[in-house]
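Beneath this line is the structure, given in structure tokens, with notes to follow.
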2 protein chains.
Amino acid sequence: MKEISNAELSVLNILWQDAPLGANEVVEALASSQGMHEKTVKTLLNRLVKKQALGYEKEGRAYRYYPLIDQSEYQLKESQSFVERVFAGKVAPLVAGFAKQKQLSPEDIAELKALIDNWEEEQSS
Amino acid sequence: MKEISNAELSVLNILWQDAPLGANEVVEALASSQGMHEKTVKTLLNRLVKKQALGYEKEGRAYRYYPLIDQSEYQLKESQSFVERVFAGKVAPLVAGFAKQKQLSPEDIAELKALIDNWEEEQSS
DNA sequence: TAATTAAGATTACACTTGTAATCAAAAGCG
DNA sequence: CGCTTTTGATTACAAGTGTAATCTTAATTA
């Protein structure tokens, strides 16, 4: 699988949220949220199809696009390479950064606690 | 500050660990760890200087390079934009991914627990 | 049916990036 | 003092990226 660029990821994010969508719906979303030009979005859709990150079904003469790659998989792979590159593979310092900036929400904390509990349980068992 | 590319980051990582270093020392490190060619490393050093990410002091006719940007700052900024792009701003799902893959080390867990304790303390106070 | 519009396909284009090779000048060697 | 080596500077070059504009063809409208 070819690399997904940042701009392309914006498109994927839309379609991971809701798919299949017609080009104009994607355009709509990205135009309003990021001021992206219609032509630009069309280009990105094209490139993603070429990269086999998107598929489509025809509806009349238009297409309805949907992701061919799994979001969780993508997230995991990206996370790993990110933590590897930027934090030499260590996860905690990343979270620590957010914590120091007080950018952890109560939900984040709750989830993290649950994760840890779960992890410890698995260890002891 | 211009963007730092992946290859450039490798150079910075070396210099964040130990600086100032002569070009050959950086070359040495990256040649062995990533099989990077000397010429390539020199190019990267140059580009980083141009981007004002590195400074240098002359030692004879050679240079000794050192970072001009702070690692923690860089890490924080990158983390934020990464989590924003890939996880719609939510930190916990990122960690959850690692947890599921059992890629959290006991050290990670310990640090995370400490973080959370600390966070909760600050909340209650 | 002729003209306009809309959709995807193709083309454009400057900038960045990875990966080096070549150039120029200084320093050391014989 | 010339020649070789070393070091940074400059140049190279294809692939990827962001950002569109133009082209082609089919559908819609007057």
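As shown in the structure tokens, the chain order sets the letters A, B, ...; within each chain, residues go from 1, and ligands are also counted from 1 in the order they appear.
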**Study point:** Interface, chain B side, toward chain D (10 Å; only C-alpha atoms (C1' of nucleotides)) as a PyMOL selection string
**Key:** chain B and resi 23-24+42-43+46+61-63
Let's have the selection written as a tab-separated table (two decimals), in the first residue's frame, with N, CA and C atoms.
chain	number	residue	atom	x	y	z
B	23	ALA	N	30.16	16.59	11.54
B	23	ALA	CA	29.40	15.92	10.49
B	23	ALA	C	29.71	14.43	10.45
B	24	ASN	N	30.97	14.10	10.56
B	24	ASN	CA	31.34	12.68	10.45
B	24	ASN	C	30.74	11.84	11.57
B	42	LYS	N	25.08	14.64	4.73
B	42	LYS	CA	25.56	16.00	4.55
B	42	LYS	C	24.45	16.90	4.00
B	43	THR	N	23.74	16.38	3.03
B	43	THR	CA	22.62	17.14	2.48
B	43	THR	C	21.62	17.48	3.56
B	46	ASN	N	22.79	20.18	5.83
B	46	ASN	CA	22.63	21.45	5.13
B	46	ASN	C	21.21	21.96	5.17
B	61	ARG	N	38.28	23.77	10.00
B	61	ARG	CA	37.52	24.00	8.77
B	61	ARG	C	36.21	23.20	8.79
B	62	ALA	N	36.06	22.37	9.81
B	62	ALA	CA	34.84	21.58	9.91
B	62	ALA	C	33.83	22.26	10.83
B	63	TYR	N	32.62	21.75	10.81
B	63	TYR	CA	31.58	22.32	11.67
B	63	TYR	C	31.22	21.33	12.76
**Study point:** Neighbour list for region 6-11 of chain B as a ChimeraX atom specification, cut-off 7 Å, only C-alpha atoms (C1' of nucleotides), skip fewer than 3 positions in-chain
**Key:** /B:14-15,44,48
Could you list, as a compact mmCIF listing (two decimals) with all heavy atoms, in the first residue's frame, the residues of chain B having an atom within 10 Å of chain A when counting only C-alpha atoms?
# COMPACT_ATOMS: atom_id res chain seq x y z
N ASN B 6 11.09 13.40 7.50
CA ASN B 6 11.46 12.19 8.22
C ASN B 6 12.97 11.97 8.25
O ASN B 6 13.53 11.69 9.30
CB ASN B 6 10.81 10.97 7.58
CG ASN B 6 9.39 10.78 8.07
OD1 ASN B 6 8.90 11.56 8.89
ND2 ASN B 6 8.73 9.76 7.58
N ALA B 7 13.58 12.06 7.10
CA ALA B 7 15.02 11.83 7.04
C ALA B 7 15.74 12.88 7.88
O ALA B 7 16.71 12.57 8.59
CB ALA B 7 15.49 11.88 5.60
N LEU B 9 14.58 14.32 10.46
CA LEU B 9 14.35 14.02 11.87
C LEU B 9 15.37 13.02 12.40
O LEU B 9 15.80 13.12 13.56
CB LEU B 9 12.92 13.48 12.05
CG LEU B 9 12.51 13.12 13.46
CD1 LEU B 9 12.67 14.31 14.40
CD2 LEU B 9 11.08 12.61 13.49
N SER B 10 15.77 12.09 11.57
CA SER B 10 16.80 11.14 12.00
C SER B 10 18.05 11.87 12.45
O SER B 10 18.67 11.52 13.45
CB SER B 10 17.16 10.20 10.86
OG SER B 10 16.02 9.63 10.29
N ASN B 13 17.42 13.63 15.74
CA ASN B 13 17.40 12.69 16.86
C ASN B 13 18.80 12.39 17.37
O ASN B 13 19.01 12.28 18.58
CB ASN B 13 16.68 11.40 16.46
CG ASN B 13 15.16 11.54 16.56
OD1 ASN B 13 14.66 12.30 17.39
ND2 ASN B 13 14.44 10.83 15.71
N GLN B 71 13.62 19.62 21.64
CA GLN B 71 13.00 18.33 21.36
C GLN B 71 11.60 18.21 21.95
O GLN B 71 10.67 17.76 21.28
CB GLN B 71 13.87 17.19 21.87
CG GLN B 71 13.24 15.82 21.57
CD GLN B 71 14.16 14.66 21.91
OE1 GLN B 71 14.99 14.76 22.81
NE2 GLN B 71 14.00 13.56 21.21
N SER B 72 11.45 18.60 23.20
CA SER B 72 10.13 18.45 23.83
C SER B 72 9.08 19.27 23.10
O SER B 72 7.96 18.82 22.87
CB SER B 72 10.15 18.91 25.29
OG SER B 72 11.35 18.57 25.88
N GLU B 73 9.49 20.46 22.72
CA GLU B 73 8.54 21.30 21.99
C GLU B 73 8.15 20.64 20.68
O GLU B 73 6.98 20.60 20.32
CB GLU B 73 9.18 22.65 21.67
CG GLU B 73 8.68 23.78 22.52
CD GLU B 73 9.51 25.03 22.25
OE1 GLU B 73 9.55 25.47 21.08
OE2 GLU B 73 10.11 25.55 23.21
N TYR B 74 9.17 20.16 20.00
CA TYR B 74 8.91 19.48 18.73
C TYR B 74 7.98 18.30 18.94
O TYR B 74 7.00 18.12 18.23
CB TYR B 74 10.22 19.02 18.10
CG TYR B 74 10.02 18.21 16.85
CD1 TYR B 74 9.81 18.83 15.62
CD2 TYR B 74 10.00 16.82 16.90
CE1 TYR B 74 9.60 18.10 14.47
CE2 TYR B 74 9.78 16.07 15.76
CZ TYR B 74 9.59 16.72 14.55
OH TYR B 74 9.36 15.97 13.42
N GLN B 75 8.32 17.49 19.94
CA GLN B 75 7.50 16.30 20.20
C GLN B 75 6.07 16.66 20.50
O GLN B 75 5.13 16.03 20.01
CB GLN B 75 8.10 15.51 21.36
CG GLN B 75 9.40 14.82 21.01
CD GLN B 75 10.04 14.13 22.20
OE1 GLN B 75 9.92 14.59 23.33
NE2 GLN B 75 10.74 13.03 21.95
N LEU B 76 5.91 17.68 21.31
CA LEU B 76 4.55 18.06 21.67
C LEU B 76 3.76 18.52 20.46
O LEU B 76 2.64 18.08 20.21
CB LEU B 76 4.57 19.18 22.72
CG LEU B 76 3.18 19.61 23.18
CD1 LEU B 76 2.46 18.45 23.86
CD2 LEU B 76 3.27 20.80 24.12
N LYS B 77 4.37 19.38 19.68
CA LYS B 77 3.67 19.91 18.51
C LYS B 77 3.31 18.78 17.55
O LYS B 77 2.19 18.70 17.05
CB LYS B 77 4.54 20.96 17.81
CG LYS B 77 3.71 22.06 17.19
CD LYS B 77 4.59 23.15 16.61
CE LYS B 77 5.36 23.88 17.69
NZ LYS B 77 5.47 25.33 17.52
N GLU B 78 4.26 17.90 17.32
CA GLU B 78 4.02 16.80 16.41
C GLU B 78 2.94 15.86 16.95
O GLU B 78 2.10 15.37 16.20
CB GLU B 78 5.29 16.00 16.18
CG GLU B 78 6.31 16.70 15.34
CD GLU B 78 5.76 17.15 14.00
OE1 GLU B 78 5.26 16.30 13.26
OE2 GLU B 78 5.80 18.37 13.71
N SER B 79 2.99 15.63 18.23
CA SER B 79 2.00 14.74 18.83
C SER B 79 0.60 15.31 18.65
O SER B 79 -0.34 14.61 18.29
CB SER B 79 2.26 14.57 20.33
OG SER B 79 3.54 14.02 20.53
N GLN B 80 0.52 16.60 18.91
CA GLN B 80 -0.79 17.22 18.78
C GLN B 80 -1.30 17.10 17.36
O GLN B 80 -2.45 16.73 17.13
CB GLN B 80 -0.70 18.69 19.20
CG GLN B 80 -0.53 18.84 20.69
CD GLN B 80 -0.24 20.26 21.11
OE1 GLN B 80 0.29 21.04 20.33
NE2 GLN B 80 -0.59 20.60 22.36
N PHE B 82 -0.43 15.04 15.10
CA PHE B 82 -0.67 13.64 14.75
C PHE B 82 -2.01 13.15 15.29
O PHE B 82 -2.83 12.58 14.57
CB PHE B 82 0.46 12.76 15.29
CG PHE B 82 0.23 11.29 15.06
CD1 PHE B 82 0.44 10.73 13.82
CD2 PHE B 82 -0.23 10.48 16.09
CE1 PHE B 82 0.22 9.38 13.60
CE2 PHE B 82 -0.48 9.13 15.88
CZ PHE B 82 -0.25 8.58 14.63
N VAL B 83 -2.21 13.39 16.58
CA VAL B 83 -3.45 12.93 17.19
C VAL B 83 -4.66 13.63 16.55
O VAL B 83 -5.71 13.02 16.36
CB VAL B 83 -3.41 13.17 18.72
CG1 VAL B 83 -4.78 12.96 19.33
CG2 VAL B 83 -2.40 12.25 19.37
N ARG B 85 -4.85 14.71 13.41
CA ARG B 85 -5.06 14.18 12.06
C ARG B 85 -5.60 12.76 12.07
O ARG B 85 -6.53 12.42 11.35
CB ARG B 85 -3.72 14.16 11.31
CG ARG B 85 -3.44 15.34 10.43
CD ARG B 85 -2.11 15.16 9.73
NE ARG B 85 -1.02 15.07 10.67
CZ ARG B 85 -0.13 14.10 10.72
NH1 ARG B 85 -0.20 13.09 9.86
NH2 ARG B 85 0.85 14.09 11.61
N VAL B 86 -5.01 11.93 12.91
CA VAL B 86 -5.27 10.49 12.82
C VAL B 86 -6.35 10.02 13.79
O VAL B 86 -7.08 9.09 13.51
CB VAL B 86 -3.96 9.71 13.04
CG1 VAL B 86 -4.21 8.22 13.04
CG2 VAL B 86 -2.94 10.10 11.98
N PHE B 87 -6.46 10.70 14.93
CA PHE B 87 -7.42 10.26 15.94
C PHE B 87 -8.44 11.32 16.30
O PHE B 87 -9.02 11.29 17.38
CB PHE B 87 -6.67 9.83 17.21
CG PHE B 87 -5.92 8.54 17.04
CD1 PHE B 87 -4.59 8.53 16.68
CD2 PHE B 87 -6.57 7.32 17.22
CE1 PHE B 87 -3.89 7.34 16.51
CE2 PHE B 87 -5.88 6.13 17.07
CZ PHE B 87 -4.55 6.13 16.71
N ALA B 88 -8.62 12.28 15.41
CA ALA B 88 -9.60 13.33 15.66
C ALA B 88 -9.40 13.96 17.03
O ALA B 88 -10.35 14.33 17.70
CB ALA B 88 -11.01 12.78 15.51
N GLY B 89 -8.16 14.03 17.46
CA GLY B 89 -7.86 14.74 18.70
C GLY B 89 -7.93 13.93 19.99
O GLY B 89 -7.65 14.45 21.06
N LYS B 90 -8.32 12.65 19.88
CA LYS B 90 -8.46 11.86 21.11
C LYS B 90 -7.23 11.02 21.41
O LYS B 90 -6.77 10.25 20.59
CB LYS B 90 -9.69 10.97 21.00
CG LYS B 90 -10.96 11.79 21.15
CD LYS B 90 -12.19 11.00 20.77
CE LYS B 90 -13.32 11.92 20.33
NZ LYS B 90 -13.66 12.97 21.25
N VAL B 91 -6.73 11.17 22.60
CA VAL B 91 -5.48 10.52 22.97
C VAL B 91 -5.67 9.05 23.33
O VAL B 91 -4.90 8.19 22.91
CB VAL B 91 -4.82 11.24 24.17
CG1 VAL B 91 -3.54 10.53 24.56
CG2 VAL B 91 -4.56 12.69 23.82
N ALA B 92 -6.68 8.78 24.09
CA ALA B 92 -6.85 7.43 24.62
C ALA B 92 -6.87 6.34 23.53
O ALA B 92 -6.22 5.30 23.69
CB ALA B 92 -8.09 7.35 25.49
N PRO B 93 -7.60 6.55 22.46
CA PRO B 93 -7.64 5.50 21.43
C PRO B 93 -6.26 5.16 20.90
O PRO B 93 -6.01 4.02 20.50
CB PRO B 93 -8.50 6.14 20.34
CG PRO B 93 -9.36 7.11 21.05
CD PRO B 93 -8.50 7.67 22.14
N LEU B 94 -5.39 6.12 20.90
CA LEU B 94 -4.03 5.85 20.44
C LEU B 94 -3.37 4.85 21.38
O LEU B 94 -2.87 3.80 20.95
CB LEU B 94 -3.25 7.16 20.45
CG LEU B 94 -1.88 7.20 19.78
CD1 LEU B 94 -1.40 8.64 19.72
CD2 LEU B 94 -0.85 6.39 20.53
N VAL B 95 -3.43 5.14 22.65
CA VAL B 95 -2.84 4.23 23.63
C VAL B 95 -3.53 2.87 23.58
O VAL B 95 -2.89 1.82 23.68
CB VAL B 95 -2.92 4.83 25.04
CG1 VAL B 95 -2.26 3.90 26.04
CG2 VAL B 95 -2.25 6.19 25.07
N ALA B 96 -4.82 2.92 23.41
CA ALA B 96 -5.58 1.67 23.35
C ALA B 96 -5.06 0.76 22.25
O ALA B 96 -4.98 -0.46 22.42
CB ALA B 96 -7.06 1.97 23.14
N GLY B 97 -4.70 1.37 21.14
CA GLY B 97 -4.17 0.59 20.05
C GLY B 97 -2.92 -0.17 20.46
O GLY B 97 -2.81 -1.36 20.22
N PHE B 98 -2.04 0.52 21.14
CA PHE B 98 -0.82 -0.13 21.60
C PHE B 98 -1.14 -1.23 22.61
O PHE B 98 -0.56 -2.31 22.57
CB PHE B 98 0.12 0.89 22.24
CG PHE B 98 0.84 1.73 21.25
CD1 PHE B 98 0.37 2.98 20.91
CD2 PHE B 98 1.99 1.26 20.65
CE1 PHE B 98 1.05 3.76 19.98
CE2 PHE B 98 2.67 2.03 19.72
CZ PHE B 98 2.19 3.29 19.38
N ALA B 99 -2.07 -0.91 23.47
CA ALA B 99 -2.43 -1.88 24.48
C ALA B 99 -2.95 -3.16 23.84
O ALA B 99 -2.55 -4.27 24.20
CB ALA B 99 -3.50 -1.30 25.40
N LYS B 100 -3.80 -2.99 22.88
CA LYS B 100 -4.39 -4.16 22.24
C LYS B 100 -3.32 -5.03 21.59
O LYS B 100 -3.40 -6.25 21.57
CB LYS B 100 -5.43 -3.72 21.20
CG LYS B 100 -6.48 -4.78 20.94
CD LYS B 100 -7.56 -4.25 19.99
CE LYS B 100 -8.17 -2.94 20.51
NZ LYS B 100 -8.99 -2.25 19.51
N GLN B 101 -2.33 -4.36 21.07
CA GLN B 101 -1.24 -5.10 20.42
C GLN B 101 -0.21 -5.59 21.44
O GLN B 101 0.83 -6.09 21.07
CB GLN B 101 -0.54 -4.22 19.39
CG GLN B 101 -1.41 -3.80 18.25
CD GLN B 101 -2.02 -4.95 17.51
OE1 GLN B 101 -3.24 -5.15 17.51
NE2 GLN B 101 -1.17 -5.77 16.90
N LYS B 102 -0.51 -5.34 22.68
CA LYS B 102 0.41 -5.74 23.75
C LYS B 102 1.79 -5.13 23.54
O LYS B 102 2.81 -5.77 23.73
CB LYS B 102 0.54 -7.26 23.82
CG LYS B 102 -0.80 -7.98 23.76
CD LYS B 102 -0.88 -9.09 24.77
CE LYS B 102 -2.17 -9.90 24.61
NZ LYS B 102 -3.38 -9.04 24.57
N GLN B 103 1.78 -3.91 23.13
CA GLN B 103 3.05 -3.26 22.89
C GLN B 103 3.36 -2.23 23.96
O GLN B 103 4.15 -1.32 23.76
CB GLN B 103 3.07 -2.61 21.52
CG GLN B 103 3.11 -3.66 20.43
CD GLN B 103 3.08 -3.06 19.07
OE1 GLN B 103 2.76 -1.89 18.92
NE2 GLN B 103 3.40 -3.85 18.05
N LEU B 104 2.71 -2.37 25.08
CA LEU B 104 3.04 -1.49 26.20
C LEU B 104 3.99 -2.26 27.10
O LEU B 104 3.75 -3.40 27.44
CB LEU B 104 1.77 -1.10 26.96
CG LEU B 104 0.80 -0.20 26.21
CD1 LEU B 104 -0.38 0.16 27.09
CD2 LEU B 104 1.50 1.06 25.74
N SER B 105 5.04 -1.61 27.48
CA SER B 105 6.00 -2.25 28.37
C SER B 105 5.58 -1.97 29.81
O SER B 105 4.79 -1.06 30.07
CB SER B 105 7.38 -1.67 28.13
OG SER B 105 7.39 -0.31 28.50
N PRO B 106 6.07 -2.75 30.75
CA PRO B 106 5.78 -2.48 32.15
C PRO B 106 6.18 -1.05 32.52
O PRO B 106 5.50 -0.40 33.31
CB PRO B 106 6.65 -3.51 32.88
CG PRO B 106 6.76 -4.63 31.91
CD PRO B 106 6.81 -4.00 30.56
N GLU B 107 7.25 -0.58 31.91
CA GLU B 107 7.67 0.80 32.19
C GLU B 107 6.61 1.77 31.71
O GLU B 107 6.28 2.74 32.38
CB GLU B 107 9.00 1.12 31.50
CG GLU B 107 10.19 0.36 32.05
CD GLU B 107 10.20 -1.08 31.58
OE1 GLU B 107 9.88 -1.31 30.40
OE2 GLU B 107 10.49 -1.97 32.40
N ASP B 108 6.11 1.52 30.51
CA ASP B 108 5.05 2.38 29.99
C ASP B 108 3.90 2.44 30.98
O ASP B 108 3.40 3.50 31.33
CB ASP B 108 4.55 1.85 28.64
CG ASP B 108 5.48 2.26 27.48
OD1 ASP B 108 6.02 3.38 27.54
OD2 ASP B 108 5.63 1.47 26.54
N ILE B 109 3.48 1.25 31.40
CA ILE B 109 2.34 1.18 32.31
C ILE B 109 2.62 1.95 33.60
O ILE B 109 1.80 2.75 34.06
CB ILE B 109 2.04 -0.30 32.65
CG1 ILE B 109 1.53 -1.02 31.41
CG2 ILE B 109 1.01 -0.38 33.78
CD1 ILE B 109 0.17 -0.58 30.94
N ALA B 110 3.80 1.73 34.12
CA ALA B 110 4.15 2.42 35.37
C ALA B 110 4.09 3.93 35.17
O ALA B 110 3.49 4.66 35.98
CB ALA B 110 5.55 1.99 35.81
N GLU B 111 4.64 4.37 34.07
CA GLU B 111 4.63 5.81 33.82
C GLU B 111 3.22 6.34 33.64
O GLU B 111 2.88 7.43 34.10
CB GLU B 111 5.47 6.13 32.59
CG GLU B 111 6.98 6.00 32.84
CD GLU B 111 7.77 6.57 31.68
OE1 GLU B 111 7.52 7.71 31.27
OE2 GLU B 111 8.65 5.84 31.16
N LEU B 112 2.43 5.56 32.94
CA LEU B 112 1.06 6.00 32.71
C LEU B 112 0.31 6.11 34.03
O LEU B 112 -0.44 7.06 34.27
CB LEU B 112 0.35 5.04 31.76
CG LEU B 112 0.82 5.11 30.31
CD1 LEU B 112 0.14 4.03 29.47
CD2 LEU B 112 0.53 6.48 29.72
N LYS B 113 0.53 5.12 34.89
CA LYS B 113 -0.15 5.17 36.19
C LYS B 113 0.27 6.42 36.96
O LYS B 113 -0.55 7.12 37.54
CB LYS B 113 0.18 3.91 37.00
CG LYS B 113 -0.58 2.70 36.51
CD LYS B 113 -0.18 1.45 37.26
CE LYS B 113 -0.77 1.40 38.66
NZ LYS B 113 -0.57 0.04 39.25
N ALA B 114 1.56 6.67 36.95
CA ALA B 114 2.07 7.84 37.66
C ALA B 114 1.43 9.10 37.10
O ALA B 114 0.98 9.99 37.84
CB ALA B 114 3.58 7.90 37.52
N LEU B 115 1.34 9.15 35.79
CA LEU B 115 0.73 10.30 35.13
C LEU B 115 -0.69 10.53 35.61
O LEU B 115 -1.10 11.64 35.93
CB LEU B 115 0.68 10.07 33.63
CG LEU B 115 1.91 10.41 32.82
CD1 LEU B 115 1.68 10.00 31.38
CD2 LEU B 115 2.16 11.91 32.92
N ILE B 116 -1.41 9.43 35.62
CA ILE B 116 -2.83 9.53 35.97
C ILE B 116 -2.99 9.95 37.42
O ILE B 116 -3.80 10.83 37.74
CB ILE B 116 -3.53 8.18 35.71
CG1 ILE B 116 -3.62 7.97 34.20
CG2 ILE B 116 -4.90 8.16 36.35
CD1 ILE B 116 -4.19 6.64 33.80
N ASP B 117 -2.20 9.33 38.28
CA ASP B 117 -2.27 9.72 39.69
C ASP B 117 -2.02 11.21 39.83
O ASP B 117 -2.75 11.93 40.49
CB ASP B 117 -1.21 8.94 40.50
CG ASP B 117 -1.61 7.48 40.64
OD1 ASP B 117 -2.76 7.15 40.29
OD2 ASP B 117 -0.76 6.67 41.06
N ASN B 118 -1.00 11.61 39.16
CA ASN B 118 -0.62 13.01 39.23
C ASN B 118 -1.75 13.90 38.72
O ASN B 118 -2.09 14.92 39.32
CB ASN B 118 0.63 13.22 38.38
CG ASN B 118 1.31 14.52 38.73
OD1 ASN B 118 0.97 15.56 38.17
ND2 ASN B 118 2.23 14.48 39.68
N TRP B 119 -2.31 13.50 37.63
CA TRP B 119 -3.38 14.27 37.02
C TRP B 119 -4.55 14.40 37.98
O TRP B 119 -5.10 15.47 38.19
CB TRP B 119 -3.83 13.57 35.74
CG TRP B 119 -4.82 14.35 34.92
CD1 TRP B 119 -4.54 15.28 33.98
CD2 TRP B 119 -6.24 14.26 34.99
NE1 TRP B 119 -5.69 15.77 33.45
CE2 TRP B 119 -6.75 15.17 34.04
CE3 TRP B 119 -7.13 13.50 35.74
CZ2 TRP B 119 -8.12 15.34 33.84
CZ3 TRP B 119 -8.49 13.66 35.54
CH2 TRP B 119 -8.97 14.58 34.60
N GLU B 120 -4.90 13.27 38.60
CA GLU B 120 -6.06 13.28 39.50
C GLU B 120 -5.80 14.14 40.73
O GLU B 120 -6.70 14.81 41.23
CB GLU B 120 -6.40 11.84 39.91
CG GLU B 120 -6.90 11.05 38.71
CD GLU B 120 -7.43 9.69 39.09
OE1 GLU B 120 -6.85 9.07 40.00
OE2 GLU B 120 -8.43 9.25 38.49
N GLN B 123 -6.31 17.61 39.85
CA GLN B 123 -7.73 17.90 39.68
C GLN B 123 -8.40 18.18 41.02
O GLN B 123 -9.15 19.13 41.17
CB GLN B 123 -8.43 16.71 39.01
CG GLN B 123 -8.03 16.53 37.57
CD GLN B 123 -8.22 17.79 36.75
OE1 GLN B 123 -9.32 18.31 36.65
NE2 GLN B 123 -7.14 18.32 36.19
If you take only C-alpha atoms (C1' of nucleotides) and a cut-off of 12 Å, which residues of chain C touch chain A, and what are their nearest atom pairs and distances in Å to one decimal, in chain and number order, as CSV?
residue,atom,partner,partner_atom,distance
C:DA6,C1',A:Ala62,CA,9.6
C:DA7,C1',A:Ala62,CA,6.1
C:DG8,C1',A:Ala62,CA,7.7
C:DA9,C1',A:Asn46,CA,8.9
C:DT10,C1',A:Thr43,CA,10.4
C:DT11,C1',A:Thr43,CA,11.5
Point to revise | For C1' of DT16 (chain C) and CA of Glu28 (chain B), the interatomic separation in Å (one decimal) | key: 25.7 Å
Review point. Just asking: which residues within region 8-117 of chain B are strand (DSSP E or B) according to DSSP, as a ChimeraX atom specification?
Key: /B:21-22,54-59,62-67
Go ahead and save the picked residues with all heavy atoms, as a compact mmCIF listing (two decimals), in the first residue's frame.
# COMPACT_ATOMS: atom_id res chain seq x y z
N LEU B 21 28.05 17.85 17.52
CA LEU B 21 28.77 16.76 16.88
C LEU B 21 29.27 17.21 15.51
O LEU B 21 28.62 18.01 14.85
CB LEU B 21 27.86 15.55 16.68
CG LEU B 21 27.37 14.77 17.90
CD1 LEU B 21 26.52 13.59 17.44
CD2 LEU B 21 28.54 14.28 18.75
N GLY B 22 30.41 16.69 15.14
CA GLY B 22 30.91 16.94 13.80
C GLY B 22 30.11 16.15 12.79
O GLY B 22 29.46 15.16 13.15
N LEU B 54 19.12 23.64 12.83
CA LEU B 54 20.45 23.37 13.36
C LEU B 54 21.30 24.63 13.29
O LEU B 54 21.13 25.46 12.41
CB LEU B 54 21.16 22.28 12.54
CG LEU B 54 20.67 20.85 12.58
CD1 LEU B 54 21.61 19.96 11.80
CD2 LEU B 54 20.54 20.36 14.03
N GLY B 55 22.23 24.72 14.23
CA GLY B 55 23.26 25.74 14.18
C GLY B 55 24.59 25.01 14.19
O GLY B 55 24.62 23.79 14.31
N TYR B 56 25.67 25.73 14.05
CA TYR B 56 26.97 25.08 14.12
C TYR B 56 28.04 26.05 14.56
O TYR B 56 27.88 27.27 14.45
CB TYR B 56 27.35 24.48 12.77
CG TYR B 56 27.42 25.49 11.65
CD1 TYR B 56 28.54 26.30 11.47
CD2 TYR B 56 26.34 25.64 10.77
CE1 TYR B 56 28.59 27.22 10.44
CE2 TYR B 56 26.39 26.57 9.74
CZ TYR B 56 27.51 27.36 9.58
OH TYR B 56 27.58 28.28 8.57
N GLU B 57 29.09 25.48 15.08
CA GLU B 57 30.25 26.27 15.43
C GLU B 57 31.40 25.68 14.62
O GLU B 57 31.46 24.47 14.42
CB GLU B 57 30.53 26.13 16.92
CG GLU B 57 30.04 24.82 17.52
CD GLU B 57 30.28 24.70 19.01
OE1 GLU B 57 29.53 25.32 19.79
OE2 GLU B 57 31.23 23.98 19.36
N LYS B 58 32.27 26.56 14.18
CA LYS B 58 33.39 26.05 13.39
C LYS B 58 34.46 25.49 14.31
O LYS B 58 34.70 26.00 15.40
CB LYS B 58 33.98 27.17 12.54
CG LYS B 58 33.04 27.63 11.46
CD LYS B 58 33.75 28.51 10.43
CE LYS B 58 32.73 28.98 9.39
NZ LYS B 58 33.30 29.95 8.45
N GLU B 59 35.03 24.42 13.82
CA GLU B 59 36.18 23.88 14.52
C GLU B 59 37.19 23.58 13.44
O GLU B 59 37.10 22.57 12.75
CB GLU B 59 35.82 22.60 15.28
CG GLU B 59 37.00 22.07 16.07
CD GLU B 59 36.64 20.82 16.84
OE1 GLU B 59 36.55 19.74 16.21
OE2 GLU B 59 36.44 20.91 18.06
N ALA B 62 36.06 22.37 9.81
CA ALA B 62 34.84 21.58 9.91
C ALA B 62 33.83 22.26 10.83
O ALA B 62 34.16 23.22 11.52
CB ALA B 62 35.18 20.19 10.42
N TYR B 63 32.62 21.75 10.81
CA TYR B 63 31.58 22.32 11.67
C TYR B 63 31.22 21.33 12.76
O TYR B 63 31.33 20.13 12.60
CB TYR B 63 30.32 22.60 10.86
CG TYR B 63 30.43 23.65 9.79
CD1 TYR B 63 29.39 23.81 8.88
CD2 TYR B 63 31.54 24.48 9.70
CE1 TYR B 63 29.47 24.77 7.89
CE2 TYR B 63 31.62 25.45 8.71
CZ TYR B 63 30.59 25.59 7.80
OH TYR B 63 30.64 26.54 6.82
N ARG B 64 30.73 21.88 13.86
CA ARG B 64 30.11 21.04 14.87
C ARG B 64 28.66 21.51 14.99
O ARG B 64 28.41 22.66 15.32
CB ARG B 64 30.85 21.15 16.21
CG ARG B 64 32.28 20.59 16.12
CD ARG B 64 33.02 20.69 17.43
NE ARG B 64 32.46 19.85 18.48
CZ ARG B 64 32.55 18.52 18.50
NH1 ARG B 64 33.17 17.87 17.54
NH2 ARG B 64 32.03 17.83 19.49
N TYR B 65 27.76 20.61 14.74
CA TYR B 65 26.35 20.97 14.68
C TYR B 65 25.62 20.75 16.00
O TYR B 65 25.96 19.85 16.76
CB TYR B 65 25.64 20.14 13.60
CG TYR B 65 26.19 20.35 12.21
CD1 TYR B 65 27.27 19.60 11.74
CD2 TYR B 65 25.61 21.29 11.36
CE1 TYR B 65 27.76 19.78 10.44
CE2 TYR B 65 26.09 21.47 10.06
CZ TYR B 65 27.17 20.71 9.62
OH TYR B 65 27.65 20.89 8.35
N TYR B 66 24.61 21.57 16.21
CA TYR B 66 23.76 21.39 17.40
C TYR B 66 22.34 21.85 17.06
O TYR B 66 22.15 22.69 16.18
CB TYR B 66 24.31 22.18 18.58
CG TYR B 66 24.55 23.63 18.29
CD1 TYR B 66 23.52 24.58 18.45
CD2 TYR B 66 25.79 24.08 17.83
CE1 TYR B 66 23.74 25.91 18.17
CE2 TYR B 66 26.01 25.42 17.55
CZ TYR B 66 24.99 26.33 17.72
OH TYR B 66 25.20 27.65 17.43
N PRO B 67 21.35 21.30 17.75
CA PRO B 67 19.95 21.63 17.45
C PRO B 67 19.61 23.05 17.87
O PRO B 67 20.11 23.53 18.88
CB PRO B 67 19.15 20.65 18.31
CG PRO B 67 20.12 19.62 18.78
CD PRO B 67 21.46 20.29 18.81
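One finds CA of Pro20 (chain A) at 19.2 Å from CA of Ser32 (chain A).
All residues within region 31-70 of chain B that the backbone DSSP calculation assigns to helix (DSSP H, G or I) are Ala31, Ser32, Ser33, Gln34, Glu38, Lys39, Thr40, Val41, Lys42, Thr43, Leu44, Leu45, Asn46, Arg47, Leu48, Val49 and Lys50 of chain B.
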